[in-house]
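Comments concern the structure below.
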Amino acid sequence: MRRTLFLAALLFLLPCLSCVSQHASAPLASAGTTQATAAPGLVDSESQLVPDDPAISRGVLPNGLHYYVRRNTKPEGRVELRLVVNAGSVLEDDDQQGLAHFCEHMAFNGSEHFAKNELIEYLESIGMRFGADLNAYTSMDETVYMLQVPTDDPTMLDKGLLILSDWAHAVSYEDEEIDKERGVILEEWRLGRGARGRIRDKQLPVLYHGSHYAERATIGKPQIIEHAKHEVLRRFYHDWYRPDLMAVVVVGDIDPAEIVARIKSGFSGIERLETPRPREEYEIPDHAETLVSVVTDPEESRSLLFLTYKLPRAGNKTYADYRESLKEDLFNAMLGARLSELAQKPDAPFLYGFAGK
C-alpha cells in the first residue's frame, strides 16, 4: 500500500463499556523524513543506497520472473522454497471477490505433474507435513506459496522446484475440484464470523477510507465463493499468475550456482502474456477530517481503543532510511515498556497497551 499505518496506541480498557471497540484515524500535521547526519567514517552519505547482501544470487529471467537464492547451512539438509506472486485480493474484479484466496486453495488440488491429492501425498512420503512444511497465504497485495524439502536426495529438490513451477503456470482447475473446494473456503469464512470478524468488517471501510482496499477483504463474499462460474476463477489465475509478477526464493543447504541453473531451466519456459493487464497500485488517500468508528458486539469480551495515524510510506533503501527505522524501533520498544509498567500498577487505567508502526 502507498501509505503505512502508525498505530499510536492500543489500550485494553478496564471499564466494560458494553464491550465498545473504538478506532480513530487522523493524519499527522506534517509527514516528512528527518535526515540525520552520518557518523564520521560510516558512509560517504546517508543518501547512499544500502548494498545488497553479496551472498544472495539474484536475477531476472527473460520472461520477467525474478529469483533470489542464498546458501544457509542451518538446519542441515533442508531448503526453503517460495513462490511469491505480486497479486492478491485488491486486484479482484467485482465478480471475483474471494477468488484470489480460492486460487491459492486450488494450487493443492491438482496440476500438470501432480494430479489431485498426489502433491500432498508425495510430500508426506518424504517426511514433510502439511501446514508446517507445506503452506500458503493470500493477502490483499500478494500470494505466497511455501515449501520445505530435504536436500539428501537431489531428486527431491528437483520435485520441489517442479511443484513451484506448476503452481506458477500449470494448476489444473478441474470443474469437479473447484466445486469440491467451495465448501472448504466457505467453512473458513464461517470460522471468521466471530466478534472479531464482525467488528473488522465494520472498521475496515473506515481504516481504508476512500481506497479500493476497503472493498477487497481477502476472504471475499460467500455468495461469490459459492456461485462463481469456473471461468471467472480461471480468469483471475490467467490474468495475474504470470512470470513478470512472480519471484522464486530458495534458501537453504544448497549450492547457489546449481540452484540458479535449475531455476533458469525450469522457469524460463513460462511464457509472458502478450497483452497483460496492468498491475495497478492502489492508494490509501489522506483525509482532512478525523474518522471515528464505534462498534459493539455482544460476543466481544473486551473494550478496546485504537488511535491510528496514516503516514506516507517510509523509504527502505538508503542508510538514512535504515537509521530512521532503527530510531522508530527504539521509540516503540521504550514506549511499549512504559505502557507495560503502567499496566502492572494496581490503579492502572488499562490492562494492556502497545505502539507500533
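Here, A, B, ... name the chains of the C-alpha cells in the order displayed, residue numbers run from 1 inside each chain, and ligands are numbered from 1 in the same displayed order.
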
Show which residues sit within 8 Å of Val50 of chain A, as number ranges by chain. Count only C-alpha atoms, and ignore same-chain residues fewer than 2 positions away. A: 48, 52, 317-319

Expected file: the selected residues, N, CA and C atoms, as a PDB file, in the first residue's frame:
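After the write, part_39.pdb holds the following:
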```pdb
ATOM      1  N   GLN A  48      23.240   7.444   0.382  1.00  0.00           N
ATOM      2  CA  GLN A  48      23.803   6.296  -0.310  1.00  0.00           C
ATOM      3  C   GLN A  48      22.896   5.079  -0.116  1.00  0.00           C
ATOM      4  N   ASP A  52      23.108  -4.622  -1.529  1.00  0.00           N
ATOM      5  CA  ASP A  52      22.520  -5.952  -1.362  1.00  0.00           C
ATOM      6  C   ASP A  52      23.506  -6.868  -0.656  1.00  0.00           C
ATOM      7  N   LYS A 317      15.568   2.096   1.427  1.00  0.00           N
ATOM      8  CA  LYS A 317      16.661   1.814   0.507  1.00  0.00           C
ATOM      9  C   LYS A 317      17.995   2.428   0.922  1.00  0.00           C
ATOM     10  N   THR A 318      17.969   3.573   1.600  1.00  0.00           N
ATOM     11  CA  THR A 318      19.211   4.280   1.900  1.00  0.00           C
ATOM     12  C   THR A 318      19.617   4.094   3.360  1.00  0.00           C
ATOM     13  N   TYR A 319      20.842   4.539   3.654  1.00  0.00           N
ATOM     14  CA  TYR A 319      21.309   4.488   5.044  1.00  0.00           C
ATOM     15  C   TYR A 319      20.451   5.390   5.932  1.00  0.00           C
TER      16      TYR A 319
END
```

Enter the distance from atom CA of Glu300 of chain A to atom CA of Gly194 of chain A, in Å, rounded to one decimal. 8.6 Å

Within 12 Å of Arg198 of chain A, counting only C-alpha atoms, which residues qualify if same-chain residues fewer than 6 places away don't, as number ranges by chain? A: 21, 189-192, 204, 295-300

File of the preceding selection, N, CA and C atoms, as a PDB file, in the first residue's frame:
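Result file follows (selection_6.pdb):
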```
ATOM      1  N   SER A  21     -15.537  -1.185  20.956  1.00  0.00           N
ATOM      2  CA  SER A  21     -14.250  -1.142  20.260  1.00  0.00           C
ATOM      3  C   SER A  21     -14.214   0.146  19.466  1.00  0.00           C
ATOM      4  N   TRP A 189     -14.632 -19.045   5.913  1.00  0.00           N
ATOM      5  CA  TRP A 189     -15.386 -17.800   6.075  1.00  0.00           C
ATOM      6  C   TRP A 189     -16.234 -17.864   7.346  1.00  0.00           C
ATOM      7  N   ARG A 190     -16.892 -18.985   7.591  1.00  0.00           N
ATOM      8  CA  ARG A 190     -17.741 -19.126   8.781  1.00  0.00           C
ATOM      9  C   ARG A 190     -16.908 -19.033  10.060  1.00  0.00           C
ATOM     10  N   LEU A 191     -15.736 -19.641  10.057  1.00  0.00           N
ATOM     11  CA  LEU A 191     -14.885 -19.606  11.246  1.00  0.00           C
ATOM     12  C   LEU A 191     -14.434 -18.192  11.586  1.00  0.00           C
ATOM     13  N   GLY A 192     -14.440 -17.324  10.592  1.00  0.00           N
ATOM     14  CA  GLY A 192     -14.039 -15.936  10.834  1.00  0.00           C
ATOM     15  C   GLY A 192     -15.191 -15.012  11.148  1.00  0.00           C
ATOM     16  N   LEU A 204     -12.892  -1.800   8.684  1.00  0.00           N
ATOM     17  CA  LEU A 204     -12.007  -1.688   7.519  1.00  0.00           C
ATOM     18  C   LEU A 204     -12.408  -0.550   6.579  1.00  0.00           C
ATOM     19  N   VAL A 295     -17.886   0.521  17.428  1.00  0.00           N
ATOM     20  CA  VAL A 295     -18.556  -0.730  17.088  1.00  0.00           C
ATOM     21  C   VAL A 295     -18.746  -1.554  18.351  1.00  0.00           C
ATOM     22  N   THR A 296     -19.926  -2.124  18.515  1.00  0.00           N
ATOM     23  CA  THR A 296     -20.179  -3.027  19.636  1.00  0.00           C
ATOM     24  C   THR A 296     -20.593  -4.383  19.098  1.00  0.00           C
ATOM     25  N   ASP A 297     -20.338  -5.404  19.899  1.00  0.00           N
ATOM     26  CA  ASP A 297     -20.758  -6.757  19.546  1.00  0.00           C
ATOM     27  C   ASP A 297     -21.020  -7.524  20.835  1.00  0.00           C
ATOM     28  N   PRO A 298     -22.139  -8.229  20.939  1.00  0.00           N
ATOM     29  CA  PRO A 298     -22.484  -8.905  22.192  1.00  0.00           C
ATOM     30  C   PRO A 298     -21.513 -10.015  22.584  1.00  0.00           C
ATOM     31  N   GLU A 299     -20.701 -10.510  21.626  1.00  0.00           N
ATOM     32  CA  GLU A 299     -19.776 -11.591  21.945  1.00  0.00           C
ATOM     33  C   GLU A 299     -18.355 -11.101  22.215  1.00  0.00           C
ATOM     34  N   GLU A 300     -18.108  -9.803  22.077  1.00  0.00           N
ATOM     35  CA  GLU A 300     -16.774  -9.269  22.355  1.00  0.00           C
ATOM     36  C   GLU A 300     -16.624  -9.091  23.865  1.00  0.00           C
TER      37      GLU A 300
END
```

For each of A:Met156, A:Ile56, A:Ala217, A:Leu164, take the minimum atom-to-atom distance to Ile263 of chain A, counting only C-alpha atoms, then give the residue where this is smallest. A:Leu164

I need the alpha helix (DSSP H) residues of segment 38-165 of chain A per DSSP on the backbone, written as a PyMOL selection string. chain A and resi 99-106+118-125+154-165

Give me a file of those residues, with C-alpha atoms, as a PDB file, in the first residue's frame.
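Output (part-v7.pdb):
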```
ATOM      1  CA  LEU A  99     -11.232 -15.753  -5.664  1.00  0.00           C
ATOM      2  CA  ALA A 100      -7.592 -14.712  -5.108  1.00  0.00           C
ATOM      3  CA  HIS A 101      -7.736 -16.832  -1.958  1.00  0.00           C
ATOM      4  CA  PHE A 102      -9.653 -19.516  -3.892  1.00  0.00           C
ATOM      5  CA  CYS A 103      -6.753 -19.694  -6.385  1.00  0.00           C
ATOM      6  CA  GLU A 104      -4.371 -20.390  -3.516  1.00  0.00           C
ATOM      7  CA  HIS A 105      -6.525 -23.360  -2.456  1.00  0.00           C
ATOM      8  CA  MET A 106      -6.675 -24.729  -5.999  1.00  0.00           C
ATOM      9  CA  GLU A 118      -0.871 -36.542  -5.338  1.00  0.00           C
ATOM     10  CA  LEU A 119       1.071 -33.411  -4.349  1.00  0.00           C
ATOM     11  CA  ILE A 120       0.304 -33.680  -0.628  1.00  0.00           C
ATOM     12  CA  GLU A 121       0.759 -37.480  -0.696  1.00  0.00           C
ATOM     13  CA  TYR A 122       4.205 -37.118  -2.284  1.00  0.00           C
ATOM     14  CA  LEU A 123       5.403 -34.512   0.206  1.00  0.00           C
ATOM     15  CA  GLU A 124       4.144 -36.540   3.155  1.00  0.00           C
ATOM     16  CA  SER A 125       6.000 -39.553   1.748  1.00  0.00           C
ATOM     17  CA  PRO A 154      18.761 -34.260  -5.420  1.00  0.00           C
ATOM     18  CA  THR A 155      15.554 -35.572  -6.992  1.00  0.00           C
ATOM     19  CA  MET A 156      13.550 -34.216  -4.020  1.00  0.00           C
ATOM     20  CA  LEU A 157      14.821 -30.690  -4.688  1.00  0.00           C
ATOM     21  CA  ASP A 158      14.038 -31.098  -8.389  1.00  0.00           C
ATOM     22  CA  LYS A 159      10.497 -32.143  -7.478  1.00  0.00           C
ATOM     23  CA  GLY A 160      10.175 -29.154  -5.130  1.00  0.00           C
ATOM     24  CA  LEU A 161      11.103 -26.746  -7.926  1.00  0.00           C
ATOM     25  CA  LEU A 162       8.731 -28.590 -10.251  1.00  0.00           C
ATOM     26  CA  ILE A 163       5.910 -28.038  -7.733  1.00  0.00           C
ATOM     27  CA  LEU A 164       6.672 -24.292  -7.702  1.00  0.00           C
ATOM     28  CA  SER A 165       6.685 -24.238 -11.491  1.00  0.00           C
TER      29      SER A 165
END
```

Given the choices A:Ala355, A:Leu65, A:Asp175, A:Pro222, which gets closest to Leu83 of chain A if the distance is worked out from only C-alpha atoms? A:Leu65

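The space between atom CA of Gly210 of chain A and atom CA of Tyr282 of chain A spans 10.5 Å.
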
Atom CA of Glu280 of chain A to atom CA of Arg82 of chain A, straight-line distance in Å: 23.5 Å

Would you please give, as a PyMOL selection string, all residues of segment 31-193 of chain A that DSSP assigns to strand (DSSP E) based on the backbone? chain A and resi 56-60+66-71+78-85+134-138+143-150

Expected file contents, prior selection, N, CA and C atoms, as a tab-separated table (two decimals), in the first residue's frame:
```
chain	number	residue	atom	x	y	z
A	56	ILE	N	23.63	-13.23	-1.71
A	56	ILE	CA	22.40	-13.53	-2.44
A	56	ILE	C	22.67	-13.52	-3.94
A	57	SER	N	22.34	-14.61	-4.60
A	57	SER	CA	22.37	-14.66	-6.07
A	57	SER	C	20.99	-14.26	-6.56
A	58	ARG	N	20.92	-13.22	-7.33
A	58	ARG	CA	19.62	-12.72	-7.78
A	58	ARG	C	19.68	-12.38	-9.25
A	59	GLY	N	18.50	-12.40	-9.89
A	59	GLY	CA	18.46	-12.09	-11.30
A	59	GLY	C	17.04	-12.10	-11.82
A	60	VAL	N	16.90	-11.80	-13.11
A	60	VAL	CA	15.60	-11.77	-13.77
A	60	VAL	C	15.70	-12.59	-15.05
A	66	HIS	N	11.62	-13.04	-11.37
A	66	HIS	CA	12.79	-12.75	-10.53
A	66	HIS	C	13.16	-13.99	-9.70
A	67	TYR	N	14.42	-14.10	-9.36
A	67	TYR	CA	14.83	-15.18	-8.45
A	67	TYR	C	15.85	-14.65	-7.44
A	68	TYR	N	15.82	-15.25	-6.25
A	68	TYR	CA	16.72	-14.90	-5.15
A	68	TYR	C	17.17	-16.20	-4.50
A	69	VAL	N	18.47	-16.43	-4.44
A	69	VAL	CA	19.00	-17.69	-3.93
A	69	VAL	C	20.09	-17.39	-2.91
A	70	ARG	N	20.04	-18.06	-1.76
A	70	ARG	CA	21.07	-17.86	-0.75
A	70	ARG	C	21.39	-19.18	-0.04
A	71	ARG	N	22.65	-19.43	0.16
A	71	ARG	CA	23.09	-20.61	0.90
A	71	ARG	C	22.99	-20.34	2.40
A	78	ARG	N	18.27	-29.15	4.60
A	78	ARG	CA	16.94	-28.60	4.37
A	78	ARG	C	17.04	-27.39	3.46
A	79	VAL	N	15.98	-27.15	2.69
A	79	VAL	CA	15.92	-25.96	1.85
A	79	VAL	C	14.50	-25.43	1.86
A	80	GLU	N	14.37	-24.13	1.94
A	80	GLU	CA	13.07	-23.46	1.91
A	80	GLU	C	12.85	-22.89	0.51
A	81	LEU	N	11.67	-23.19	-0.04
A	81	LEU	CA	11.30	-22.70	-1.37
A	81	LEU	C	10.09	-21.80	-1.24
A	82	ARG	N	10.09	-20.72	-2.00
A	82	ARG	CA	8.95	-19.80	-2.01
A	82	ARG	C	8.62	-19.40	-3.44
A	83	LEU	N	7.33	-19.38	-3.73
A	83	LEU	CA	6.84	-18.73	-4.95
A	83	LEU	C	6.04	-17.53	-4.49
A	84	VAL	N	6.50	-16.34	-4.82
A	84	VAL	CA	5.85	-15.10	-4.40
A	84	VAL	C	5.16	-14.48	-5.61
A	85	VAL	N	3.86	-14.29	-5.50
A	85	VAL	CA	3.06	-13.74	-6.59
A	85	VAL	C	2.59	-12.34	-6.18
A	134	LEU	N	4.55	-27.28	4.29
A	134	LEU	CA	3.85	-27.01	3.03
A	134	LEU	C	2.66	-26.12	3.34
A	135	ASN	N	2.68	-24.90	2.83
A	135	ASN	CA	1.59	-23.99	3.18
A	135	ASN	C	1.58	-22.83	2.18
A	136	ALA	N	0.62	-21.92	2.38
A	136	ALA	CA	0.50	-20.74	1.53
A	136	ALA	C	-0.38	-19.73	2.25
A	137	TYR	N	-0.32	-18.48	1.80
A	137	TYR	CA	-1.24	-17.47	2.32
A	137	TYR	C	-1.56	-16.47	1.21
A	138	THR	N	-2.73	-15.84	1.36
A	138	THR	CA	-3.16	-14.79	0.44
A	138	THR	C	-3.46	-13.54	1.25
A	143	THR	N	0.31	-13.18	-2.87
A	143	THR	CA	0.04	-14.58	-2.55
A	143	THR	C	1.39	-15.28	-2.50
A	144	VAL	N	1.64	-16.04	-1.44
A	144	VAL	CA	2.94	-16.67	-1.24
A	144	VAL	C	2.75	-18.15	-0.95
A	145	TYR	N	3.48	-18.98	-1.70
A	145	TYR	CA	3.46	-20.43	-1.51
A	145	TYR	C	4.78	-20.85	-0.87
A	146	MET	N	4.70	-21.69	0.16
A	146	MET	CA	5.86	-22.04	0.97
A	146	MET	C	6.05	-23.55	0.99
A	147	LEU	N	7.28	-23.97	0.82
A	147	LEU	CA	7.58	-25.38	0.72
A	147	LEU	C	8.97	-25.63	1.30
A	148	GLN	N	9.09	-26.67	2.14
A	148	GLN	CA	10.40	-27.09	2.65
A	148	GLN	C	10.65	-28.53	2.21
A	149	VAL	N	11.82	-28.80	1.68
A	149	VAL	CA	12.15	-30.17	1.25
A	149	VAL	C	13.56	-30.52	1.73
A	150	PRO	N	13.81	-31.81	1.94
A	150	PRO	CA	15.17	-32.24	2.30
A	150	PRO	C	16.09	-32.20	1.09
```

Polymer residues at most 12 Å from Pro62 of chain A, only C-alpha atoms, same-chain spacing of 5 or more positions, as a list in words: Tyr67, Pro243, Asp244, Lys264, Ser265, Phe267, Ser268, Gly269, Ile270, Glu271 and Arg272 of chain A
